[in-house]
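Trainee: Please find entry-v4.cif (mmCIF, C-alpha atoms) on the next line:
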```cif
data_coords
loop_
_atom_site.label_atom_id
_atom_site.label_comp_id
_atom_site.auth_asym_id
_atom_site.auth_seq_id
_atom_site.Cartn_x
_atom_site.Cartn_y
_atom_site.Cartn_z
CA MET A 11 -37.71 -58.00 -54.45
CA SER A 12 -34.33 -57.67 -52.79
CA LYS A 13 -35.54 -54.57 -50.99
CA ARG A 14 -38.19 -56.59 -49.20
CA HIS A 15 -35.53 -58.69 -47.52
CA ARG A 16 -33.91 -55.66 -45.92
CA GLY A 17 -36.39 -55.69 -43.06
CA SER A 18 -35.15 -59.00 -41.86
CA GLU A 19 -31.53 -57.81 -41.82
CA PRO A 20 -30.11 -56.54 -38.54
CA ALA A 21 -31.01 -52.85 -38.21
CA GLY A 22 -28.03 -50.53 -38.65
CA ASP A 23 -27.76 -47.07 -37.01
CA VAL A 24 -30.03 -44.55 -38.70
CA VAL A 25 -27.96 -41.48 -39.46
CA LEU A 26 -30.01 -38.33 -39.83
CA PRO A 27 -28.22 -35.72 -41.92
CA ILE A 28 -28.79 -32.73 -39.63
CA THR A 29 -26.17 -30.52 -41.28
CA PRO A 30 -28.58 -29.05 -43.91
CA MET A 31 -31.14 -28.47 -41.19
CA LEU A 32 -28.57 -26.69 -39.05
CA ASP A 33 -27.51 -24.63 -42.05
CA MET A 34 -31.08 -23.55 -42.66
CA ALA A 35 -31.68 -22.84 -38.99
CA PHE A 36 -28.59 -20.61 -38.85
CA GLN A 37 -29.60 -18.84 -42.06
CA LEU A 38 -33.04 -18.10 -40.66
CA LEU A 39 -31.60 -17.10 -37.30
CA THR A 40 -29.20 -14.67 -38.98
CA PHE A 41 -32.04 -13.22 -41.04
CA PHE A 42 -34.22 -12.61 -37.99
CA ILE A 43 -31.33 -11.19 -35.97
CA PHE A 44 -30.47 -8.69 -38.70
CA THR A 45 -34.07 -7.67 -39.30
CA PHE A 46 -35.02 -7.54 -35.62
CA LYS A 47 -36.20 -4.11 -34.65
CA PRO A 48 -37.62 -3.97 -31.15
CA THR A 49 -40.70 -1.78 -31.36
CA THR A 50 -41.18 0.93 -28.83
CA MET A 51 -44.22 0.48 -26.63
CA GLU A 52 -46.94 2.62 -28.07
CA GLY A 53 -49.77 3.96 -26.05
CA GLN A 54 -52.66 6.23 -26.82
CA MET A 55 -54.73 8.94 -25.29
CA ALA A 56 -58.22 10.09 -26.16
CA LEU A 57 -58.16 13.58 -27.52
CA SER A 58 -60.96 16.06 -27.74
CA LEU A 59 -60.78 19.01 -30.05
CA PRO A 60 -63.05 21.75 -28.79
CA ASP A 61 -63.76 24.04 -31.66
CA GLN A 62 -66.88 26.10 -31.36
CA GLU A 63 -66.92 26.84 -35.09
CA VAL A 64 -67.15 23.15 -35.84
CA ARG A 65 -69.26 21.98 -32.92
CA ALA A 66 -71.92 24.65 -32.93
CA ASP A 67 -74.96 23.35 -34.75
CA PRO A 68 -76.89 26.25 -36.34
CA ASN A 69 -80.14 24.24 -36.31
CA PRO A 70 -80.02 22.03 -33.25
CA ASP A 71 -82.47 19.16 -33.25
CA PRO A 72 -84.34 19.17 -29.91
CA THR A 73 -85.27 15.48 -30.31
CA ALA A 74 -81.69 14.35 -31.03
CA LYS A 75 -80.19 11.83 -28.61
CA PRO A 76 -77.02 12.96 -26.79
CA ASN A 77 -73.82 11.61 -28.29
CA PRO A 78 -72.12 9.38 -25.69
CA ASN A 79 -68.70 10.11 -27.21
CA GLN A 80 -69.06 13.84 -26.93
CA VAL A 81 -66.75 15.24 -24.28
CA PRO A 82 -68.67 17.24 -21.66
CA THR A 83 -68.01 20.96 -21.70
CA PRO A 84 -65.69 21.62 -18.76
CA LYS A 85 -66.81 24.13 -16.16
CA LEU A 86 -63.34 25.18 -15.12
CA GLU A 87 -61.15 25.47 -18.13
CA LEU A 88 -57.53 26.36 -17.74
CA LEU A 89 -56.09 27.74 -20.91
CA VAL A 90 -52.42 26.90 -21.29
CA LEU A 91 -50.85 29.14 -23.90
CA VAL A 92 -47.53 27.84 -25.18
CA LYS A 93 -44.98 29.80 -27.18
CA PRO A 94 -41.50 28.80 -28.33
CA HIS A 95 -38.65 30.37 -26.32
CA ALA A 96 -37.83 32.76 -29.17
CA LEU A 97 -41.30 34.33 -28.87
CA GLY A 98 -42.09 33.72 -25.22
CA GLY A 99 -38.82 34.93 -23.68
CA GLU A 100 -38.48 34.08 -20.00
CA SER A 101 -42.02 32.74 -19.66
CA PRO A 102 -43.03 30.80 -22.76
CA ILE A 103 -46.10 29.37 -21.01
CA THR A 104 -49.08 31.31 -19.70
CA VAL A 105 -51.88 29.71 -17.73
CA GLU A 106 -55.20 31.52 -17.81
CA ALA A 107 -57.80 30.45 -15.29
CA GLU A 108 -60.89 32.40 -14.28
CA SER A 109 -59.52 35.54 -16.02
CA VAL A 110 -56.21 35.39 -14.13
CA ARG A 111 -53.08 35.00 -16.21
CA THR A 112 -50.02 33.39 -14.68
CA PRO A 113 -46.70 33.40 -16.55
CA ILE A 114 -44.80 30.13 -16.23
CA ALA A 115 -41.10 29.64 -16.91
CA ASP A 116 -40.85 25.92 -17.61
CA LEU A 117 -42.60 22.55 -17.43
CA THR A 118 -41.61 21.90 -13.82
CA ALA A 119 -43.25 25.15 -12.75
CA LEU A 120 -46.26 24.37 -14.95
CA LYS A 121 -46.69 21.00 -13.29
CA ALA A 122 -46.52 22.56 -9.84
CA HIS A 123 -49.06 25.23 -10.83
CA LEU A 124 -51.50 22.77 -12.42
CA LYS A 125 -51.19 20.46 -9.44
CA GLU A 126 -51.92 23.29 -7.03
CA VAL A 127 -55.05 24.29 -9.00
CA PHE A 128 -56.19 20.68 -9.35
CA ASP A 129 -55.69 19.91 -5.66
CA ARG A 130 -57.62 23.04 -4.66
CA LYS A 131 -60.53 22.10 -6.93
CA LYS A 132 -60.37 18.47 -5.82
CA ALA A 133 -60.66 19.53 -2.18
CA ALA A 134 -63.76 21.58 -3.03
CA ILE A 135 -65.20 18.56 -4.88
CA GLU A 136 -64.58 16.35 -1.84
CA VAL A 137 -66.50 18.79 0.37
CA GLU A 138 -69.42 18.78 -2.08
CA VAL A 139 -69.38 15.00 -2.49
CA SER A 140 -69.20 14.27 1.25
CA ALA A 141 -72.73 15.68 1.65
CA LEU A 142 -74.11 12.97 -0.64
CA PRO A 143 -75.12 9.41 0.33
CA ASP A 144 -72.26 6.87 0.14
CA GLY A 145 -73.58 5.11 -2.95
CA GLU A 146 -73.64 8.29 -5.04
CA GLN A 147 -70.28 9.73 -4.03
CA ALA A 148 -67.99 7.94 -6.47
CA ALA A 149 -70.08 8.67 -9.55
CA ARG A 150 -70.54 12.33 -8.61
CA ARG A 151 -66.82 12.70 -7.85
CA LYS A 152 -65.94 11.32 -11.27
CA GLU A 153 -68.44 13.61 -12.91
CA LEU A 154 -67.11 16.70 -11.17
CA VAL A 155 -63.46 15.86 -11.87
CA ALA A 156 -64.32 15.41 -15.58
CA GLU A 157 -65.60 18.97 -15.55
CA LEU A 158 -62.13 20.29 -14.77
CA GLY A 159 -60.70 20.85 -18.19
CA VAL A 160 -57.37 21.99 -19.58
CA LYS A 161 -57.16 23.45 -23.04
CA VAL A 162 -53.68 23.67 -24.54
CA GLN A 163 -53.35 26.43 -27.08
CA PRO A 164 -49.91 26.63 -28.66
CA VAL A 165 -48.84 29.13 -31.31
CA SER A 166 -48.36 27.58 -34.75
CA ALA A 167 -44.57 27.36 -34.56
CA VAL A 168 -44.54 25.12 -31.46
CA LYS A 169 -43.52 21.56 -32.20
CA TRP A 170 -46.11 18.84 -31.73
CA GLY A 171 -43.77 16.99 -29.36
CA GLN A 172 -43.87 19.94 -26.95
CA VAL A 173 -47.66 20.16 -27.12
CA VAL A 174 -47.98 16.48 -26.25
CA GLU A 175 -45.56 17.06 -23.37
CA VAL A 176 -47.81 19.79 -21.96
CA MET A 177 -50.98 17.71 -22.47
CA ASP A 178 -49.28 14.74 -20.84
CA LEU A 179 -48.30 16.85 -17.89
CA ALA A 180 -51.88 18.05 -17.36
CA ARG A 181 -53.14 14.47 -17.48
CA SER A 182 -50.47 13.24 -15.08
CA VAL A 183 -51.58 15.86 -12.54
CA GLY A 184 -55.13 14.49 -12.63
CA PHE A 185 -57.04 16.42 -15.27
CA THR A 186 -58.99 14.03 -17.46
CA SER A 187 -60.44 16.46 -19.98
CA VAL A 188 -57.42 17.75 -21.87
CA SER A 189 -57.89 19.25 -25.29
CA PHE A 190 -55.95 20.94 -28.01
CA ALA A 191 -57.18 24.32 -29.18
CA LYS A 192 -56.77 26.10 -32.48
CA PRO A 193 -53.48 28.02 -32.57
CA PRO A 194 -54.20 31.76 -32.30
CA ASP A 195 -52.11 32.46 -35.39
CA TYR A 196 -53.40 29.47 -37.40
CA SER A 197 -53.26 30.16 -41.12
CA LEU A 198 -53.23 26.81 -42.96
CA MET B 17 7.70 -36.92 -27.28
CA SER B 18 4.10 -37.54 -27.63
CA HIS B 19 2.06 -35.11 -29.67
CA GLY B 20 -1.22 -35.88 -28.09
CA GLY B 21 -2.04 -38.76 -30.30
CA GLY B 22 -1.56 -36.82 -33.48
CA GLY B 23 0.19 -39.68 -35.03
CA GLU B 24 -2.57 -42.09 -34.24
CA GLY B 25 -5.30 -42.94 -36.67
CA GLY B 26 -7.89 -40.10 -36.42
CA SER B 27 -11.14 -41.24 -34.87
CA ALA B 28 -14.38 -39.69 -36.24
CA ALA B 29 -15.34 -36.63 -34.15
CA ASP B 30 -18.91 -37.07 -32.98
CA PRO B 31 -20.00 -33.86 -31.26
CA ASN B 32 -23.39 -33.88 -29.61
CA LEU B 33 -25.35 -31.43 -31.72
CA THR B 34 -28.67 -31.80 -29.94
CA PRO B 35 -28.21 -29.00 -27.34
CA LEU B 36 -26.89 -26.70 -30.05
CA LEU B 37 -29.88 -27.44 -32.21
CA ASP B 38 -32.19 -26.86 -29.26
CA VAL B 39 -30.72 -23.45 -28.55
CA VAL B 40 -30.75 -22.45 -32.20
CA LEU B 41 -34.37 -23.42 -32.61
CA GLN B 42 -35.31 -21.64 -29.38
CA LEU B 43 -33.65 -18.46 -30.61
CA LEU B 44 -35.31 -18.86 -33.98
CA MET B 45 -38.70 -19.18 -32.36
CA PHE B 46 -38.05 -16.10 -30.23
CA PHE B 47 -37.18 -13.89 -33.18
CA MET B 48 -40.06 -15.24 -35.23
CA MET B 49 -42.53 -14.51 -32.45
CA CYS B 50 -41.13 -11.01 -32.02
CA VAL B 51 -41.94 -10.03 -35.58
CA ASN B 52 -44.61 -7.43 -35.06
CA PHE B 53 -47.65 -8.18 -37.15
CA THR B 54 -50.10 -6.06 -35.19
CA GLN B 55 -48.61 -2.73 -36.15
CA GLU B 56 -48.83 -3.37 -39.86
CA GLN B 57 -50.91 -0.25 -40.45
CA ALA B 58 -48.55 1.94 -38.50
CA THR B 59 -45.39 2.95 -40.27
CA ALA B 60 -42.42 2.63 -37.99
CA ASP B 61 -40.58 5.64 -39.34
CA VAL B 62 -42.81 8.18 -37.60
CA LYS B 63 -40.97 9.53 -34.57
CA LEU B 64 -43.73 9.75 -32.01
CA PRO B 65 -43.68 12.10 -29.04
CA SER B 66 -43.36 10.54 -25.58
CA ALA B 67 -46.07 10.62 -22.97
CA GLU B 68 -46.26 9.24 -19.46
CA SER B 69 -50.06 9.20 -19.42
CA ALA B 70 -50.45 7.21 -22.65
CA ARG B 71 -52.35 4.00 -21.97
CA PRO B 72 -51.50 0.66 -23.61
CA VAL B 73 -53.46 0.00 -26.78
CA ASP B 74 -56.46 -2.30 -26.54
CA PRO B 75 -55.77 -5.04 -29.13
CA SER B 76 -59.48 -5.88 -29.41
CA GLU B 77 -60.21 -2.46 -30.86
CA SER B 78 -60.71 -3.20 -34.53
CA ASP B 79 -62.61 -0.38 -36.20
CA VAL B 80 -59.72 2.05 -36.37
CA LEU B 81 -58.08 4.05 -39.11
CA TYR B 82 -54.41 4.78 -38.64
CA VAL B 83 -53.37 8.17 -39.94
CA ASN B 84 -49.63 8.65 -39.95
CA MET B 85 -48.20 12.14 -40.28
CA LYS B 86 -44.66 13.36 -40.65
CA PRO B 87 -42.84 16.24 -42.32
CA TYR B 88 -41.65 15.62 -45.88
CA TYR B 89 -37.91 15.47 -46.35
CA GLU B 90 -36.62 14.11 -49.64
CA ARG B 91 -33.61 12.47 -47.99
CA ASP B 92 -35.97 10.09 -46.13
CA TRP B 93 -37.04 8.58 -49.45
CA ALA B 94 -33.61 8.30 -51.10
CA ASP B 95 -33.87 4.50 -51.35
CA ARG B 96 -37.08 4.60 -53.40
CA SER B 97 -37.38 4.50 -57.20
CA PRO B 98 -36.78 7.72 -59.20
CA GLU B 99 -40.42 7.62 -60.42
CA PHE B 100 -41.69 7.52 -56.85
CA ILE B 101 -39.39 10.36 -55.82
CA ASP B 102 -40.64 12.40 -58.80
CA GLN B 103 -44.19 11.77 -57.70
CA LEU B 104 -43.33 12.95 -54.19
CA ARG B 105 -41.71 16.08 -55.59
CA ARG B 106 -44.89 16.86 -57.48
CA THR B 107 -47.03 16.33 -54.38
CA PHE B 108 -44.83 18.09 -51.84
CA LYS B 109 -43.32 21.35 -52.99
CA ASN B 110 -41.33 22.25 -49.89
CA GLU B 111 -39.22 20.38 -47.38
CA GLY B 112 -41.16 20.09 -44.12
CA ASP B 113 -44.59 19.98 -45.81
CA THR B 114 -47.16 17.78 -44.08
CA MET B 115 -47.17 14.22 -45.34
CA VAL B 116 -50.24 12.11 -44.54
CA MET B 117 -49.87 8.35 -44.83
CA VAL B 118 -52.61 5.77 -44.70
CA VAL B 119 -52.05 2.07 -45.30
CA GLY B 120 -52.34 1.09 -48.95
CA LYS B 121 -52.03 4.66 -50.21
CA ASP B 122 -49.09 6.70 -51.40
CA PRO B 123 -48.18 9.64 -49.16
CA MET B 124 -50.77 12.37 -49.52
CA SER B 125 -50.83 16.12 -49.08
CA PRO B 126 -53.37 17.38 -46.49
CA ILE B 127 -55.71 18.58 -49.26
CA TYR B 128 -55.77 15.18 -50.96
CA ALA B 129 -56.04 13.49 -47.56
CA LYS B 130 -59.19 15.50 -46.89
CA VAL B 131 -60.76 14.28 -50.14
CA TRP B 132 -59.76 10.70 -49.37
CA LEU B 133 -60.99 10.86 -45.76
CA ASP B 134 -64.28 12.36 -46.88
CA GLN B 135 -64.81 9.49 -49.31
CA PHE B 136 -63.78 6.97 -46.67
CA TYR B 137 -66.33 8.46 -44.25
CA LYS B 138 -69.08 8.31 -46.88
CA ASP B 139 -68.24 4.66 -47.59
CA GLN B 140 -68.36 3.85 -43.87
CA LYS B 141 -71.68 5.65 -43.57
CA SER B 142 -73.12 3.67 -46.49
CA ALA B 143 -71.90 0.42 -44.92
CA ALA B 144 -73.49 1.38 -41.58
CA ARG B 145 -76.73 2.23 -43.36
CA ALA B 146 -76.73 -1.15 -45.12
CA LEU B 147 -76.29 -2.90 -41.75
CA ASP B 148 -79.07 -0.92 -40.09
CA PRO B 149 -81.61 0.00 -42.78
CA GLY B 150 -84.15 1.24 -40.21
CA ASN B 151 -81.80 3.97 -38.99
CA PRO B 152 -81.67 6.95 -41.39
CA ASP B 153 -78.53 8.36 -39.79
CA PRO B 154 -76.35 5.61 -38.35
CA SER B 155 -73.14 6.75 -36.70
CA VAL B 156 -69.73 5.89 -38.09
CA LYS B 157 -67.87 3.94 -35.42
CA THR B 158 -64.42 4.28 -36.96
CA VAL B 159 -61.89 5.80 -34.61
CA ILE B 160 -59.09 7.88 -36.07
CA VAL B 161 -55.77 6.94 -34.53
CA LEU B 162 -53.35 9.74 -35.17
CA ARG B 163 -49.66 8.92 -35.26
CA ALA B 164 -48.11 12.34 -35.68
CA SER B 165 -44.38 12.93 -35.67
CA GLU B 166 -43.07 15.09 -32.86
CA ALA B 167 -41.21 17.13 -35.48
CA LEU B 168 -44.42 18.53 -36.98
CA THR B 169 -45.60 21.94 -35.92
CA CYS B 170 -48.89 22.08 -34.07
CA ASP B 171 -50.72 23.92 -36.88
CA GLN B 172 -49.96 20.98 -39.19
CA VAL B 173 -51.52 18.57 -36.68
CA TYR B 174 -54.43 20.91 -35.99
CA GLN B 175 -55.19 21.02 -39.72
CA MET B 176 -55.57 17.24 -39.81
CA LEU B 177 -57.64 17.01 -36.62
CA ASP B 178 -59.90 19.81 -37.77
CA MET B 179 -60.41 18.07 -41.11
CA ALA B 180 -61.40 14.83 -39.39
CA LYS B 181 -63.87 16.70 -37.19
CA VAL B 182 -65.42 18.62 -40.07
CA ILE B 183 -65.83 15.42 -42.10
CA GLY B 184 -67.73 13.86 -39.23
CA PHE B 185 -65.34 11.64 -37.27
CA ARG B 186 -66.04 12.01 -33.57
CA GLU B 187 -63.46 9.82 -31.90
CA LEU B 188 -59.81 10.63 -32.08
CA ARG B 189 -56.95 8.88 -30.38
CA LEU B 190 -53.45 10.13 -30.17
CA ARG B 191 -50.53 7.76 -30.30
CA ALA B 192 -47.38 8.35 -28.27
CA LYS B 193 -44.47 6.36 -26.97
CA ILE B 194 -45.09 5.20 -23.45
CA GLN B 195 -42.45 6.73 -21.24
CA GLN B 196 -41.87 5.83 -17.62
CA ASN B 197 -40.77 8.49 -15.11
CA LYS B 198 -40.21 11.26 -17.59
CA PRO B 199 -38.10 14.05 -16.10
CA GLY B 200 -39.48 17.59 -16.37
CA GLY B 201 -37.76 19.92 -18.78
CA GLY B 202 -37.96 23.33 -20.36
CA THR B 203 -40.22 24.20 -23.28
#
```
Write the structure described by the file as structure tokens, please.

Mentor:
Amino acid sequence: MSKRHRGSEPAGDVVLPITPMLDMAFQLLTFFIFTFKPTTMEGQMALSLPDQEVRADPNPDPTAKPNPNQVPTPKLELLVLVKPHALGGESPITVEAESVRTPIADLTALKAHLKEVFDRKKAAIEVEVSALPDGEQAARRKELVAELGVKVQPVSAVKWGQVVEVMDLARSVGFTSVSFAKPPDYSL
Amino acid sequence: MSHGGGGEGGSAADPNLTPLLDVVLQLLMFFMMCVNFTQEQATADVKLPSAESARPVDPSESDVLYVNMKPYYERDWADRSPEFIDQLRRTFKNEGDTMVMVVGKDPMSPIYAKVWLDQFYKDQKSAARALDPGNPDPSVKTVIVLRASEALTCDQVYQMLDMAKVIGFRELRLRAKIQQNKPGGGT
């Protein structure tokens, strides 16, 4: 009963014990600070793996619908052969395009070479596209650029990081169809 | 000499803790929000290669299978139980062997990974068939997201990609660290 009379007494200051709460907050804060690992920004790229042995269908079905995910077969395919320095010597990279082989010394030179080829082909595409009506130009341009392919073929000993670097370089120049080919000395 | 009131009766110190509490809780919220839950399938200890042309990941993409690959080195697993290390030794004979990791599974050798992936594909196919009974050959929509360590050799990666293709997967994505303004270098 006595408790009921407390309400009529003059209200005293309500003291909230915030010390335990602060303790907990600091404990949690310390935990999150120690376990905090800022993740690196991850991105992704679509990768096609042209392998005739796998793709070729011995009994093609003439009624089969085309697969929308299938990468179109490029008309101009630059083959970028990559070797480690120990095997490749002064020119570890070779670019083969339309039966012409060009030895390349490093990635800077490779970028310049790929850019030169891409720009030349792009100019030819622009000439072809300009003859079309305005409404069809963009779609045709995209189609023709997608036909310019780069196939990176490293020897087995090359590290994956270096292969991605070469593929990245080809994409940064403008090639959209970049693939990774079976290493010539593949034995696994 | 006065000693700054030291001799006086000590009054109760009443610091204003509210701003402190505010800051602490703000920091707490920040760190809690930064805990990365989206990458739960991707093991953080795979050192990815860097690429300028890598595009940010679309978070709405759900039907994906993360395949993590890295070379096996026993020292990387030193903090695990002796039984687990023994199991790894039985699976991977040599340092540098390809290690394939999928969420919920112990690290696999490429041969075992092929068996597992094949079964996974068959299960996906059955599920697609159950959803679309009228279609005798429904396509498997699962996209393989490959997180391969830059330290692997390209034949190790090719082996995995080739396996996925032969099994029937048609869409492959390659994960890389997004790098801005990467300088050119030698091979």

Trainee: Could you list, as an NGL selection string, every residue matched by the PyMOL selection byres ((chain A) within 6 of (chain B)) in this structure?

Mentor: :A and (39 or 42 or 51-57 or 116-118 or 166-171 or 178 or 182)

Trainee: Once you count only C-alpha atoms, which residues end up no further than 8 Å from (-54.3, 23.2, -29.5) in the file's frame, shown as number ranges by chain?

Mentor: A: 59, 161-164, 173, 189-193; B: 170, 174

Trainee: Write the residues of the selection above to a file with C-alpha atoms, as a PDB file, in the coordinates of the input.

Mentor:
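Saved file part23.pdb follows:
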```
ATOM      1  CA  LEU A  59     -60.780  19.010 -30.050  1.00  0.00           C
ATOM      2  CA  LYS A 161     -57.160  23.450 -23.040  1.00  0.00           C
ATOM      3  CA  VAL A 162     -53.680  23.670 -24.540  1.00  0.00           C
ATOM      4  CA  GLN A 163     -53.350  26.430 -27.080  1.00  0.00           C
ATOM      5  CA  PRO A 164     -49.910  26.630 -28.660  1.00  0.00           C
ATOM      6  CA  VAL A 173     -47.660  20.160 -27.120  1.00  0.00           C
ATOM      7  CA  SER A 189     -57.890  19.250 -25.290  1.00  0.00           C
ATOM      8  CA  PHE A 190     -55.950  20.940 -28.010  1.00  0.00           C
ATOM      9  CA  ALA A 191     -57.180  24.320 -29.180  1.00  0.00           C
ATOM     10  CA  LYS A 192     -56.770  26.100 -32.480  1.00  0.00           C
ATOM     11  CA  PRO A 193     -53.480  28.020 -32.570  1.00  0.00           C
TER      12      PRO A 193
ATOM     13  CA  CYS B 170     -48.890  22.080 -34.070  1.00  0.00           C
ATOM     14  CA  TYR B 174     -54.430  20.910 -35.990  1.00  0.00           C
TER      15      TYR B 174
END
```

Trainee: Expressed in Å to a single decimal, how great is the separation between atom CA of B:Val116 and atom CA of A:Val92?

Mentor: 25.1 Å

Trainee: Figure out the distance between atom CA of A:Thr104 and atom CA of A:Val90, please, to one decimal in Å.

Mentor: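 These atoms are spaced 5.8 Å apart.
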
Trainee: So that I can check the surroundings of B:Tyr89, please list as a ChimeraX atom specification every protein, DNA and RNA residue that reaches within 8 Å of it, counting all atoms listed in the file and ignoring chain neighbours fewer than 4 positions away.

Mentor: /B:93,111-112

Trainee: To one decimal place in Å, what is the distance between atom CA of A:Pro113 and atom CA of A:Val176?

Mentor: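 Calculated distance between atom CA of A:Pro113 and atom CA of A:Val176 is 14.7 Å.
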
Trainee: Would you list the contacts of stretch 120-124 of chain B as a PyMOL selection string, taking every protein, DNA or RNA residue within 9 Å and counting all atoms listed in the file, but skipping same-chain residues closer than 3 positions in sequence?

Mentor: chain B and resi 57+104+107-108+114-117+127-129

Trainee: With C-alpha atoms retained, could you export that selection as an mmCIF file, in the coordinates of the input?

Mentor:
```
data_model
loop_
_atom_site.group_PDB
_atom_site.id
_atom_site.type_symbol
_atom_site.label_atom_id
_atom_site.label_comp_id
_atom_site.auth_asym_id
_atom_site.auth_seq_id
_atom_site.Cartn_x
_atom_site.Cartn_y
_atom_site.Cartn_z
ATOM 1 C CA GLN B 57 -50.910 -0.250 -40.450
ATOM 2 C CA LEU B 104 -43.330 12.950 -54.190
ATOM 3 C CA THR B 107 -47.030 16.330 -54.380
ATOM 4 C CA PHE B 108 -44.830 18.090 -51.840
ATOM 5 C CA THR B 114 -47.160 17.780 -44.080
ATOM 6 C CA MET B 115 -47.170 14.220 -45.340
ATOM 7 C CA VAL B 116 -50.240 12.110 -44.540
ATOM 8 C CA MET B 117 -49.870 8.350 -44.830
ATOM 9 C CA ILE B 127 -55.710 18.580 -49.260
ATOM 10 C CA TYR B 128 -55.770 15.180 -50.960
ATOM 11 C CA ALA B 129 -56.040 13.490 -47.560
#
```

Trainee: Find, counting all atoms listed in the file, the residue in B:Val156, B:Phe136, B:Ser125, B:Ala144 that gets nearest to B:Asn84.

Mentor: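 Once distances to B:Asn84 are computed over all atoms listed in the file, the minimum belongs to B:Ser125.
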
Trainee: Could you put an axis-aligned box around every listed atom of stretch 54-59 of chain A, padded by 5 Å on each side, and send me its centre and edge lengths in Å to one decimal, as JSON?

Mentor:
```
{"center_x": -56.8, "center_y": 12.6, "center_z": -27.7, "size_x": 18.3, "size_y": 22.8, "size_z": 14.8}
```

Trainee: Would you mind listing what lies within 10 Å of A:Val127 as a list of chain:residue names, with all atoms listed in the file counted and same-chain residues fewer than 6 positions away left out?

Mentor: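 Those residues are A:Leu88, A:Ala107, A:Lys121, A:Leu158, A:Val183.
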